[in-house]
Structure formats: structure tokens, C-alpha cells
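Q: Please find run.txt (compact mmCIF, C-alpha atoms and all ligand atoms) on the next line:
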# COMPACT_ATOMS: atom_id res chain seq x y z
CA THR A 1 0.00 0.00 0.00
CA ALA A 2 1.01 3.60 -0.64
CA ARG A 3 3.50 5.14 1.79
CA ILE A 4 4.08 8.77 2.58
CA ALA A 5 7.86 8.98 2.32
CA GLN A 6 8.49 12.70 1.89
CA GLY A 7 5.44 14.76 2.71
CA ALA A 8 5.06 16.87 -0.44
CA ILE A 9 1.53 18.24 -0.92
CA ARG A 10 -0.23 19.03 -4.16
CA VAL A 11 -3.64 20.64 -4.43
CA HIS A 12 -5.04 20.87 -7.95
CA GLU A 13 -8.16 22.83 -8.95
CA LEU A 14 -9.79 22.13 -5.61
CA SER A 15 -13.36 23.33 -5.18
CA PHE A 16 -15.60 22.54 -2.24
CA ALA A 17 -19.02 23.32 -0.78
CA TYR A 18 -20.16 21.92 2.58
CA ASP A 19 -23.77 21.69 1.55
CA GLY A 20 -23.37 21.50 -2.19
CA ALA A 21 -24.74 25.03 -2.44
CA LYS A 22 -22.38 27.74 -1.23
CA THR A 23 -18.90 27.17 -2.66
CA VAL A 24 -16.30 27.71 0.03
CA LEU A 25 -13.15 26.92 -1.99
CA HIS A 26 -12.81 27.87 -5.65
CA GLY A 27 -10.19 26.21 -7.86
CA VAL A 28 -7.37 26.22 -5.32
CA ASN A 29 -3.92 25.22 -6.62
CA LEU A 30 -0.97 24.68 -4.34
CA ALA A 31 2.33 22.77 -4.55
CA ILE A 32 4.16 22.45 -1.25
CA PRO A 33 7.57 20.76 -1.36
CA ALA A 34 8.48 18.24 1.32
CA GLY A 35 9.95 19.93 4.38
CA ALA A 36 8.73 23.39 3.43
CA PHE A 37 7.03 25.74 5.85
CA TYR A 38 3.90 27.29 4.38
CA GLY A 39 1.71 29.83 6.10
CA VAL A 40 -1.94 30.42 5.28
CA VAL A 41 -3.65 33.69 6.11
CA GLY A 42 -6.98 35.29 5.25
CA HIS A 43 -10.04 36.85 6.80
CA THR A 44 -12.39 34.86 8.96
CA GLY A 45 -14.51 32.59 6.78
CA SER A 46 -12.04 32.70 3.87
CA GLY A 47 -11.69 28.90 3.87
CA LYS A 48 -8.40 28.32 5.72
CA SER A 49 -9.65 25.62 8.09
CA THR A 50 -11.71 24.09 5.30
CA LEU A 51 -8.57 23.64 3.22
CA LEU A 52 -6.89 21.81 6.13
CA SER A 53 -10.01 19.71 6.69
CA LEU A 54 -9.92 18.53 3.08
CA LEU A 55 -6.20 17.74 3.28
CA LEU A 56 -7.00 15.72 6.41
CA ARG A 57 -9.86 13.89 4.66
CA PHE A 58 -12.47 15.17 7.13
CA TYR A 59 -14.57 15.97 4.05
CA GLU A 60 -14.45 14.95 0.44
CA ALA A 61 -14.03 17.59 -2.23
CA GLN A 62 -16.55 17.76 -5.06
CA GLN A 63 -13.86 18.83 -7.51
CA GLY A 64 -10.11 18.70 -7.85
CA GLN A 65 -7.21 16.58 -6.69
CA LEU A 66 -5.33 16.28 -3.43
CA GLN A 67 -2.05 14.41 -3.47
CA ILE A 68 0.68 13.64 -1.00
CA ASP A 69 3.96 12.54 -2.61
CA GLY A 70 2.02 12.19 -5.85
CA ILE A 71 -0.48 9.77 -4.30
CA ASP A 72 -4.19 10.59 -4.34
CA ILE A 73 -4.94 11.00 -0.63
CA SER A 74 -8.13 8.95 -0.87
CA THR A 75 -6.03 5.86 -1.65
CA ILE A 76 -3.78 6.12 1.42
CA SER A 77 -4.63 3.73 4.27
CA ASP A 78 -6.05 5.19 7.48
CA ALA A 79 -3.11 3.86 9.49
CA GLU A 80 -0.55 5.43 7.18
CA PHE A 81 -2.53 8.66 7.06
CA ARG A 82 -2.76 8.87 10.85
CA ALA A 83 0.90 8.02 11.28
CA GLN A 84 2.23 10.62 8.86
CA LEU A 85 -0.09 13.58 9.40
CA GLY A 86 -0.21 15.61 12.57
CA LEU A 87 -2.79 18.27 13.40
CA VAL A 88 -2.66 21.05 15.95
CA PRO A 89 -6.28 22.21 16.07
CA GLN A 90 -7.53 25.73 16.73
CA GLU A 91 -8.90 24.65 20.11
CA PRO A 92 -6.79 21.69 21.29
CA PHE A 93 -8.50 19.14 23.47
CA LEU A 94 -6.73 18.14 26.65
CA LEU A 95 -7.43 14.91 28.48
CA ALA A 96 -7.98 15.00 32.23
CA ALA A 97 -4.63 13.26 32.55
CA SER A 98 -0.95 14.00 33.03
CA ALA A 99 1.18 16.08 30.68
CA ARG A 100 2.90 12.83 29.71
CA GLU A 101 -0.38 11.12 28.82
CA ASN A 102 -1.57 14.22 26.99
CA ILE A 103 1.46 14.00 24.73
CA ALA A 104 1.37 10.21 24.35
CA MET A 105 -2.40 10.09 23.67
CA GLY A 106 -2.62 6.34 24.12
CA ARG A 107 0.43 5.58 22.00
CA THR A 108 3.23 3.52 23.46
CA LEU A 109 6.06 6.02 23.55
CA SER A 110 9.31 6.04 25.46
CA GLU A 111 10.05 8.70 28.04
CA GLU A 112 12.79 9.99 25.71
CA ALA A 113 10.39 10.30 22.78
CA ILE A 114 7.91 12.27 24.87
CA ILE A 115 10.58 14.62 26.21
CA ALA A 116 12.10 15.07 22.73
CA ALA A 117 8.67 16.03 21.35
CA ALA A 118 8.09 18.44 24.23
CA LYS A 119 11.49 20.01 23.66
CA ALA A 120 10.83 20.37 19.93
CA ALA A 121 7.56 22.09 20.79
CA HIS A 122 9.40 24.28 23.34
CA VAL A 123 7.01 23.18 26.07
CA HIS A 124 9.48 21.07 28.08
CA ASP A 125 10.58 23.92 30.38
CA PHE A 126 6.96 24.85 31.02
CA ILE A 127 6.10 21.25 31.94
CA MET A 128 9.14 20.99 34.21
CA GLN A 129 7.92 24.06 36.11
CA LEU A 130 4.59 22.38 36.90
CA GLU A 131 4.23 20.90 40.36
CA HIS A 132 4.82 17.28 39.30
CA GLY A 133 6.52 17.85 35.98
CA TYR A 134 5.36 15.37 33.33
CA LEU A 135 3.07 13.71 35.87
CA THR A 136 1.12 16.90 36.58
CA PRO A 137 -2.56 16.49 35.70
CA LEU A 138 -3.67 18.82 32.90
CA GLY A 139 -7.11 19.54 31.58
CA GLU A 140 -10.18 19.03 33.69
CA GLY A 141 -9.30 19.42 37.34
CA GLY A 142 -5.62 19.74 36.54
CA ALA A 143 -3.31 22.62 35.82
CA LYS A 144 -5.17 25.38 34.05
CA LEU A 145 -3.52 26.07 30.72
CA SER A 146 -4.05 28.99 28.41
CA THR A 147 -5.12 28.27 24.83
CA GLY A 148 -1.57 29.05 23.72
CA GLN A 149 -0.09 26.59 26.20
CA LYS A 150 -2.63 23.98 25.08
CA GLN A 151 -1.45 24.54 21.52
CA LEU A 152 2.16 23.92 22.59
CA ILE A 153 1.09 20.64 24.23
CA ALA A 154 -0.79 19.81 21.02
CA ILE A 155 2.34 20.52 18.97
CA ALA A 156 4.31 18.13 21.21
CA ARG A 157 1.49 15.56 20.85
CA ALA A 158 1.61 15.83 17.07
CA LEU A 159 5.41 15.72 16.89
CA ALA A 160 5.59 12.68 19.18
CA GLY A 161 4.15 10.66 16.30
CA GLN A 162 7.02 11.82 14.07
CA PRO A 163 4.73 12.85 11.22
CA LYS A 164 5.94 13.87 7.77
CA ILE A 165 3.37 16.66 7.67
CA LEU A 166 2.27 19.00 10.44
CA PHE A 167 -0.90 21.07 10.11
CA LEU A 168 -1.38 23.87 12.57
CA ASP A 169 -4.52 25.95 12.94
CA GLU A 170 -3.45 28.81 15.15
CA ALA A 171 -5.84 29.63 17.97
CA THR A 172 -8.10 32.57 17.17
CA SER A 173 -8.62 33.39 20.80
CA HIS A 174 -6.10 35.50 22.62
CA ILE A 175 -2.59 34.01 22.71
CA ASP A 176 -0.06 35.93 24.75
CA SER A 177 2.83 37.23 22.66
CA GLU A 178 5.38 35.12 24.55
CA THR A 179 3.58 31.87 23.65
CA GLU A 180 3.04 33.09 20.10
CA GLN A 181 6.78 33.66 19.82
CA ILE A 182 7.47 30.15 21.10
CA VAL A 183 5.20 28.70 18.40
CA GLN A 184 7.07 30.81 15.86
CA ILE A 185 10.47 29.51 17.03
CA ALA A 186 9.27 25.89 17.14
CA LEU A 187 7.93 26.06 13.58
CA ASN A 188 11.11 27.64 12.26
CA GLU A 189 13.21 24.89 13.83
CA LEU A 190 11.03 22.20 12.26
CA ARG A 191 11.60 23.51 8.75
CA GLY A 192 13.23 20.85 6.60
CA LYS A 193 12.30 18.07 9.06
CA VAL A 194 8.56 18.10 8.52
CA THR A 195 6.28 19.76 5.99
CA ILE A 196 4.39 22.52 7.81
CA VAL A 197 1.13 24.12 6.79
CA ALA A 198 0.30 26.70 9.42
CA ILE A 199 -2.84 28.81 9.43
CA ALA A 200 -1.99 32.04 11.21
CA HIS A 201 -4.02 34.92 12.54
CA ARG A 202 -0.94 36.96 13.21
CA LEU A 203 1.51 37.45 10.40
CA SER A 204 4.34 37.35 12.95
CA THR A 205 3.78 33.62 13.56
CA ILE A 206 4.61 32.81 9.93
CA ARG A 207 6.92 35.71 9.10
CA GLU A 208 9.72 33.21 8.44
CA ALA A 209 7.59 30.88 6.29
CA ASP A 210 8.98 29.83 2.91
CA GLN A 211 5.70 30.92 1.35
CA ILE A 212 2.60 32.64 2.63
CA VAL A 213 -0.68 31.87 0.89
CA VAL A 214 -3.42 34.48 1.14
CA LEU A 215 -6.97 33.17 0.90
CA ASN A 216 -9.88 35.47 0.20
CA HIS A 217 -13.43 34.15 -0.18
CA GLY A 218 -12.08 30.69 -0.97
CA ARG A 219 -9.54 31.78 -3.57
CA ILE A 220 -5.79 32.14 -3.39
CA VAL A 221 -5.32 35.82 -4.15
CA GLU A 222 -1.63 36.13 -3.32
CA GLN A 223 1.34 33.93 -2.57
CA GLY A 224 4.90 34.84 -1.69
CA ARG A 225 7.41 35.47 1.02
CA HIS A 226 6.51 37.81 3.84
CA GLN A 227 8.66 40.64 2.50
CA ASP A 228 7.07 40.32 -0.94
CA LEU A 229 3.45 40.53 0.19
P1 LIG B 301 -11.51 31.54 10.74
O1 LIG B 301 -10.37 32.48 10.52
O2 LIG B 301 -12.67 32.21 11.41
O3 LIG B 301 -11.11 30.27 11.41
P2 LIG B 301 -11.57 30.14 8.17
O4 LIG B 301 -10.80 30.87 7.13
O5 LIG B 301 -10.91 28.98 8.83
O6 LIG B 301 -12.09 31.18 9.26
P3 LIG B 301 -13.59 28.23 7.39
O7 LIG B 301 -13.85 27.70 8.74
O8 LIG B 301 -12.82 27.39 6.46
O9 LIG B 301 -12.91 29.68 7.47
O10 LIG B 301 -14.99 28.58 6.75
C1 LIG B 301 -15.16 28.90 5.38
C2 LIG B 301 -16.65 29.02 5.10
O11 LIG B 301 -17.27 27.75 5.26
C3 LIG B 301 -17.39 29.98 6.02
O12 LIG B 301 -18.37 30.63 5.27
C4 LIG B 301 -18.02 29.06 7.05
O13 LIG B 301 -19.19 29.61 7.55
C5 LIG B 301 -18.29 27.81 6.25
N1 LIG B 301 -18.20 26.59 7.07
C6 LIG B 301 -17.17 26.23 7.85
N2 LIG B 301 -17.37 25.03 8.44
C7 LIG B 301 -18.60 24.63 8.01
C8 LIG B 301 -19.39 23.46 8.24
N3 LIG B 301 -18.96 22.48 9.04
N4 LIG B 301 -20.60 23.40 7.63
C9 LIG B 301 -21.02 24.38 6.82
N5 LIG B 301 -20.32 25.50 6.54
C10 LIG B 301 -19.12 25.63 7.13
MG MG B 302 -10.52 28.52 10.84
Could I get this structure in the form of C-alpha cells?
A:
Amino acid sequence: TARIAQGAIRVHELSFAYDGAKTVLHGVNLAIPAGAFYGVVGHTGSGKSTLLSLLLRFYEAQQGQLQIDGIDISTISDAEFRAQLGLVPQEPFLLAASARENIAMGRTLSEEAIIAAAKAAHVHDFIMQLEHGYLTPLGEGGAKLSTGQKQLIAIARALAGQPKILFLDEATSHIDSETEQIVQIALNELRGKVTIVAIAHRLSTIREADQIVVLNHGRIVEQGRHQDL
């Protein structure tokens, strides 16, 4: 069965409507090389999360092609898909469990793997400052985390699976600038190791992206480096 070896993404003439009536994406074309860091920006409702949802197979597009490493994504097995794609959602969900368990998420992972993922997400120091370190309960009844901190945990959770592709949907709700900067640093360091598609609400988060894609009403209206836009 088809394997995702590199993590290159190709979107060809993609159009989509949730209800078959109002078209939300119109003929989107995108070619993201393996290991590249792409940012996606655009007004609320412009279709950013929808584009990620289609790449993640949450919905099926009415028109167009979606490929990873030249393979039609619909032909990739669920196991392979889950193993190679990581998602950091807009509002990450934390289990009422320890930091360790929140990163492992039921997977059998070594202590080293969990710590390495937390370090890559720049959340290790934060976890070590909690009362019981990696054993500190998070989520319900545990340490109260800000949305930004939850996103950092979610980045560690995604990276712990060593995916080839990382999708990040930056939290819309208030993220303090310190946490936002940590996300920015983490993403920059991951460049070349994992393909990154990061939806951003602040341009600063993706200032260093290889390419920034601007969506407007479901169309790509601009694409380039930060200094060119
Ligand atoms: P934001 O910056 O607010 O997160 P976005 O760019 O991610 O916005 P989408 O969530 O992709 O925008 O929404 C694009 C359009 O699709 C909007 O008009 C939205 O109302 C609509 N939409 C989003 N999700 C659904 C859904 N599950 N069912 C029907 N319509 C939806
Ligand atoms: Mg969104």
C-alpha cells in the first residue's frame, strides 16, 4: 500500500461546498515541497480551516485533486494517514490526565520520545515548572492552561508521532505574545524536518515561512514570502 515517504503536498483545482450550495473553496492550486514551511492567512470565513479539513480527509471535495507525494490521498490507508499527518487544532483538546499522557495520547512512547517532542515544541521547560513535571494532571481538574499553552502541548502531541506533515490551525482566541513567539520559534526549527502548513491569525507567527498563501473568499489571491506581500 502507498507510503508517505516525503510529505510533499499538491492541491489541484480544488473546489468545495459543505452543503453543495455555497462554494467555500474555488479552484485552489498549491504545490508544497516536502519539508517546506507554508503559512496560510486570510479573513475569517475565507476557507483556511476548510482547506486543512480537506487535506485531512475530514470531508471529500466535489472537484479537484489532493495528493501527497504524488499519491491521491483517498487511496492512502487510514493507518498510514494517521501516522504521517499531525494536526494542531484551533482549540486543542486536553485529556484530564498528566502532561505525559496528553502528549502520548494512548500511543506507546518512550520517556525519551515524549521529552524530545516536548522540547521540539518548546514546552518542556513549562512542563518541568509544573508541580509534578510530566506527571502533573492537565485539563479538567488539573493545571489550568491557556489556549496558547494547550497549543504547545498539542504541537508536542503531534510531533511525538514523528509525522511527515504537520498542520497547525493557530488559535483565534487570545494568545499571549510570549507563547506566540514560542510557536514561531518551534515552527522555524522544524523547517526541513517536517512539511508545515500553518494557518496564522498573526503574520508574525509565519513571518519566516517559505511561502505565505493568502486566501480570500475561498480563492488564493496572493502567494509569496513575507517581505514580498
Ligand atoms: P476563521 O479564521 O474564522 O477560522 P476560516 O478561514 O478557517 O475562518 P472556514 O472555517 O474554512 O474559514 O470557513 C469557510 C466558510 O465555510 C465559512 O463561510 C463558514 O461559515 C463555512 N463553514 C465552515 N465550516 C462549516 C461546516 N462544518 N458546515 C457548513 N459550513 C461551514
Ligand atoms: Mg478557521
Q: Identify which of the residues A:His122, A:His12, A:Lys164, A:Arg202 lies closest to Gln149 of chain A, counting all atoms listed in the file when measuring atom-to-atom distances.
A: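 Residue with the minimum atom-to-atom distance to Gln149 of chain A: A:His122.
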Q: For atom CA of Lys22 of chain A and atom CA of Leu66 of chain A, quote the distance in Å rounded to one decimal.
A: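 Answer for the atom CA of Lys22 of chain A to atom CA of Leu66 of chain A separation: 20.7 Å.
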Q: In Å, rounded to a single decimal, give me how far atom CA of Gly39 of chain A is from atom CA of Ile206 of chain A.
A: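 Spanning atom CA of Ile206 of chain A to atom CA of Gly39 of chain A is a straight-line distance of 5.7 Å.
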Q: Taking all atoms listed in the file into account, which of A:His124, A:Arg219, A:Lys150, A:Lys48 comes nearest ligand LIG 301 (chain B)?
A: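 Selected residue with least distance to ligand LIG 301 (chain B): A:Lys48.
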Q: May I have the residues within 6 Å of ligand LIG 301 (chain B), computed using all atoms listed in the file, as a list in words?
A: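 If we count all atoms listed in the file, the neighbours of ligand LIG 301 (chain B) turn out to be Tyr18, Val24, His43, Thr44, Gly45, Ser46, Gly47, Lys48, Ser49 and Thr50 of chain A.
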Q: Just the selected residues (C-alpha atoms), exported as a PDB file, in the coordinates of the input, please.
A:
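This is the output file result.pdb:
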ATOM      1  CA  TYR A  18     -20.160  21.920   2.580  1.00  0.00           C
ATOM      2  CA  VAL A  24     -16.300  27.710   0.030  1.00  0.00           C
ATOM      3  CA  HIS A  43     -10.040  36.850   6.800  1.00  0.00           C
ATOM      4  CA  THR A  44     -12.390  34.860   8.960  1.00  0.00           C
ATOM      5  CA  GLY A  45     -14.510  32.590   6.780  1.00  0.00           C
ATOM      6  CA  SER A  46     -12.040  32.700   3.870  1.00  0.00           C
ATOM      7  CA  GLY A  47     -11.690  28.900   3.870  1.00  0.00           C
ATOM      8  CA  LYS A  48      -8.400  28.320   5.720  1.00  0.00           C
ATOM      9  CA  SER A  49      -9.650  25.620   8.090  1.00  0.00           C
ATOM     10  CA  THR A  50     -11.710  24.090   5.300  1.00  0.00           C
TER      11      THR A  50
END
Q: At a cut-off of 9 Å from (0.3, 25.2, 0.0) in the coordinates of the file, what residues are picked up using only C-alpha atoms, written as a list in words?
A: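 Answer for this query, in the requested form: Ile9, Arg10, Val11, Asn29, Leu30, Ala31, Ile32, Pro33, Phe37, Tyr38, Gly39, Val40, Val197, Gln211, Ile212 and Val213 of chain A.
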